[in-house]
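One structure below.
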Amino acid sequence: MKVQHHLLIASVLLSSVSFAADGGKKKTTPPEKKKYIDKANMDASVKPGDNFYQYANGNWVKNNPVPASRTRWGSFDELRQESSKRLQSLLEAAATATDRDRKTQVIGDFYKSGMDSLAIEAKGYEPIKADLERLNSITSIAEIVHEVVNLRVNALGSPLFGMNVGPDRKNVMVYIPSIGQGGTTLPDRDYYLKDDARSVKIREAYKTYLQKMFALVGENATTAAVSAASVLKIETTLANAQMSRIEMRDPNKTYNKFAVNDLSKTTPYLNWAAILKEAKINGADSVLVGNPAFLKKVNSMLTEYSLNDWRSYLRWNLIRSAAPYLSHEFVDADFEFTKAQTGQKVPTPRWERMSSLIDRMLGDMIGELYVEKYFKPEAKAYMVNLVNNMQATFAERIKRLDWMSEATKQKALEKLNAFAKKIAYPDKWRSYEGIETTPDNFFKNVKTCAVWFYNYNVSKMGKPVDRSEWGMTPPTINAQYSPSNNDITFPAGILQFPFFDFGADDAVNYGGIAAVIGHEMTHGFDDQGRQFDAVGNLKDWWQKEDADKFKTKADEVVKQYDALTVQDTIHVQGRLTLGENLADLGGLSIAYEAFSKTKQFKEGKKIDGLTPQQRFFLGWAQVWRNNTLPDTEAQLIKTDPHSPGIHRTNAPITNIDAWYEAFDVKPGDKMYKTPEQRTHIW
Ligand SMILES: [Zn+2]
């Protein structure tokens, strides 16, 4: 299927047409009108009330299998692919331009070095040889701890735990270091601990992958097998000490503040004052710990495992962080393991890996070029207006809530009105001062950028919190709510069809981008977000009885999603996906009400035989159409806090009365819920 977002391409074509008209060749046939809801994508043989997703997207799903180099294919992926191509063309231009400024030199040379596969092949694993040898000569626990920090500072791995500097969740205007559970490779702790067929299969593939990697850095088969066993042993113990993803959703449980010296007393082998100093984190008298029991376990593991086990574990952390930037044997081994987990058939092409790497590492440099070339400023103005409308509609709905007391409503409105809005791209671009790249040393370029980011993060300590910072790059096809900043972000990338198009009718834009706006806003009031106040502090502002009513309603949503499955038997985790499901339900409800104020809604004229209401819900459904490889789907159910596309389409609408009216859904239809069974929250 052709890429869909015609916001900018269409406008380029139109201006060239009028240019031609000036030259006397006046065109009489208007360009073909784009179908924003294309009936060819629907499956009219399915009743909307039986399976709305299938009704809305059935033919699209049938005709758009997952491409070989992907794990899923849907609206987001189509836009991502197009975005990668745009970034590639910017990077190619930057790499070959003769007259370059700093920006084009830095990204152009980075790209050139990453595309130079001959130079990368010639180096093999030379870039990490000296580090491997050093790790292999460790002779004490003190040296292990030193290397745990040293690898991190040099952006060569993140062994045992996570560590970064960010706002203190209970005092968000001040930065504090936080230490989180980590140190494992597999995407979820369950894969180490469970004995179902899929977990066992993934563990076996992981063993093979480990052995292969150790062999690639020169170990013979016997030694490589011993090294692999050491890594698996240590990571399994770490996994055992980790909290589950569902436990991690509790922001109070993961908030444990320690004076630095008190923390050291709980972990005698880990002297946190010394660790912070070596990590270049200065001026911290306290730290936040996500999971204190995990750190205690790490401490005792330092004596429970042999030095040889630790040497292997640290080497592994180095190898796996470096592998994507080494010769093809390493990249291929990475891919074989990805394939075993996700079912992806062929590797992602090098140019595409480079586009996303440079977007990740130098996102503001490439982002500025992206915005200049591909983003229309009018779209930002439209979004600012739409976000304000959605905020006003959300406020009206809060005032009307029948389950919430006035006291809590006042606090909720205060929070809603305090939302900061980040739309399209940042006001000031990050300059990446000090970063230098060369056209002939890919590994060095990656390391330079990663070390720069490390230093950038730790140097925040002691400075005022910068709330203007963005957490996403402009080309990103996504959106975000940050509870600590109480802000919402909509990068330029998502302001495209099927989320948004200037030419589309309001129904489609409200079912798309307005519902996305409402989704992010509702995150401020989901099971996690509601625990943060208007400033962003983790602080309870709810009357007890209102909080209890909210929990009862949220539990209904948990039950609704727990009952849903993929591949017949794999259940959605209602607790893991609760925040996202609440955001979908709230977002869609608010967007529908905002849509009901538009001219299109009031006039009620059909387009292509569809009422405005119908087009709104079809617009929502087409955002979530996708195909996902079965292995990937099984993995995502375990790890992704978002429900699968089919359920994101179908589950929220069964709680929205207007959907029943729009499609005349009646008792007996498979998706029908009685009015008492429908959950209304925001
Ligand atoms: Zn979300």
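Going through the structure tokens in order, the chains are called A, B, and so on, while each chain numbers its residues from 1 and the ligands are numbered from 1 in the order shown.
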(request) Find the spatial neighbours of Gly367 in chain A, counting only C-alpha atoms, within a cut-off of 9 Å - ignore same-chain residues fewer than 3 positions away - and output them as a ChimeraX atom specification. (result) /A:87,359,362-364,370-372,425,429,473-475
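A distance search around ligand 1 (10 Å at most, only C-alpha atoms and all ligand atoms) returns the following protein and nucleic acid residues: Asn478, Ala479, Gln480, Tyr481, Val516, Ile517, Gly518, His519, Glu520, Met521, Thr522, His523, Asp526, Thr577, Gly579, Glu580, Asn581, Leu582, Ala583, Asp584, Gly587, Pro641 and His642 of chain A.
Computed from the coordinates, the CA of Tyr255 in chain A to CA of Pro292 in chain A distance equals 9.7 Å.
Counting only C-alpha atoms, the residue from A:Asn417, A:Ser113, A:Gln573, A:Gln496 that sits nearest to Asn388 in chain A is A:Asn417.
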What parts of range 608-645 of chain A does DSSP call helix (DSSP H, G or I)? I'd like the answer as a short mmCIF file (atom, residue, chain, number, x, y, z; two decimals) with N, CA and C atoms, in the first residue's frame.
data_model
loop_
_atom_site.label_atom_id
_atom_site.label_comp_id
_atom_site.auth_asym_id
_atom_site.auth_seq_id
_atom_site.Cartn_x
_atom_site.Cartn_y
_atom_site.Cartn_z
N PRO A 612 -21.39 11.95 9.81
CA PRO A 612 -20.22 12.47 10.53
C PRO A 612 -19.85 11.58 11.72
N GLN A 613 -20.85 11.11 12.47
CA GLN A 613 -20.56 10.25 13.63
C GLN A 613 -19.85 8.97 13.21
N GLN A 614 -20.37 8.39 12.13
CA GLN A 614 -19.74 7.15 11.63
C GLN A 614 -18.29 7.42 11.22
N ARG A 615 -18.07 8.53 10.55
CA ARG A 615 -16.71 8.85 10.09
C ARG A 615 -15.75 9.09 11.26
N PHE A 616 -16.28 9.64 12.34
CA PHE A 616 -15.45 9.85 13.53
C PHE A 616 -14.91 8.50 14.04
N PHE A 617 -15.81 7.53 14.22
CA PHE A 617 -15.36 6.24 14.78
C PHE A 617 -14.52 5.45 13.76
N LEU A 618 -14.83 5.61 12.48
CA LEU A 618 -14.01 4.94 11.46
C LEU A 618 -12.61 5.57 11.41
N GLY A 619 -12.55 6.88 11.66
CA GLY A 619 -11.25 7.57 11.72
C GLY A 619 -10.40 7.01 12.85
N TRP A 620 -11.05 6.80 13.99
CA TRP A 620 -10.36 6.18 15.14
C TRP A 620 -9.85 4.79 14.76
N ALA A 621 -10.71 4.00 14.14
CA ALA A 621 -10.35 2.61 13.82
C ALA A 621 -9.18 2.56 12.84
N GLN A 622 -9.12 3.48 11.88
CA GLN A 622 -8.06 3.34 10.87
C GLN A 622 -6.68 3.72 11.43
N VAL A 623 -6.66 4.48 12.52
CA VAL A 623 -5.39 4.78 13.17
C VAL A 623 -4.74 3.50 13.70
N PRO A 630 2.95 -13.11 14.76
CA PRO A 630 2.49 -13.77 15.99
C PRO A 630 3.50 -13.75 17.14
N ASP A 631 4.79 -13.98 16.84
CA ASP A 631 5.80 -13.96 17.90
C ASP A 631 5.92 -12.57 18.52
N THR A 632 5.87 -11.58 17.66
CA THR A 632 5.96 -10.19 18.15
C THR A 632 4.75 -9.88 19.02
N GLU A 633 3.60 -10.31 18.56
CA GLU A 633 2.36 -10.07 19.31
C GLU A 633 2.44 -10.70 20.70
N ALA A 634 2.93 -11.93 20.76
CA ALA A 634 3.05 -12.63 22.05
C ALA A 634 4.02 -11.88 22.98
N GLN A 635 5.10 -11.36 22.40
CA GLN A 635 6.06 -10.61 23.20
C GLN A 635 5.47 -9.30 23.71
N LEU A 636 4.74 -8.61 22.82
CA LEU A 636 4.17 -7.31 23.19
C LEU A 636 3.13 -7.44 24.30
N ILE A 637 2.37 -8.53 24.29
CA ILE A 637 1.37 -8.73 25.34
C ILE A 637 2.05 -8.74 26.71
N LYS A 638 3.27 -9.26 26.74
CA LYS A 638 4.03 -9.32 27.99
C LYS A 638 4.67 -7.99 28.37
N THR A 639 5.12 -7.23 27.34
CA THR A 639 5.99 -6.09 27.65
C THR A 639 5.37 -4.72 27.37
N GLY A 645 -3.82 -3.30 18.61
CA GLY A 645 -4.66 -2.39 17.83
C GLY A 645 -6.13 -2.77 17.75
#
(message) One decimal, in Å: what's the spacing between CA of Tyr175 in chain A and CA of Lys460 in chain A?
(response) 7.0 Å
(request) Name all residues at most 7 Å from Phe110 in chain A (count only C-alpha atoms; drop same-chain ones fewer than 6 positions away) and give them as number ranges by chain. (result) A: 437-439, 442, 445
Store the residues picked out above, limited to N, CA and C atoms, as a short mmCIF file (atom, residue, chain, number, x, y, z; two decimals), in the first residue's frame.
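Contents of the output file out_12.cif:
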data_model
loop_
_atom_site.label_atom_id
_atom_site.label_comp_id
_atom_site.auth_asym_id
_atom_site.auth_seq_id
_atom_site.Cartn_x
_atom_site.Cartn_y
_atom_site.Cartn_z
N THR A 437 32.35 14.79 14.75
CA THR A 437 32.27 13.50 14.05
C THR A 437 33.23 13.50 12.88
N THR A 438 33.62 12.29 12.47
CA THR A 438 34.50 12.16 11.30
C THR A 438 33.84 11.20 10.31
N PRO A 439 34.19 11.31 9.01
CA PRO A 439 33.52 10.46 8.01
C PRO A 439 34.02 9.02 8.03
N PHE A 442 33.04 5.11 12.39
CA PHE A 442 31.66 4.96 12.85
C PHE A 442 31.59 4.71 14.35
N ASN A 445 32.27 7.70 16.39
CA ASN A 445 31.18 8.68 16.33
C ASN A 445 30.04 8.30 17.27
#
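Minimum atom-to-atom distance to Met163 in chain A, evaluated using only C-alpha atoms, belongs to A:Leu288 out of A:Leu302, A:Ala239, A:Ile144, A:Leu288.
The shell of residues at most 7 Å from Ala515 in chain A, with only C-alpha atoms counted and near chain neighbours (fewer than 5 positions) removed, consists of Tyr510, Gly587, Leu588 and Ala591 of chain A.
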(message) When DSSP is applied to the backbone of this structure, which of range 1-228 of chain A are assigned strand (DSSP E or B)? Write them out as a count of residues only.
(response) 22
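Interatomic distance, CA of Ser69 in chain A against CA of Met115 in chain A: 18.3 Å.
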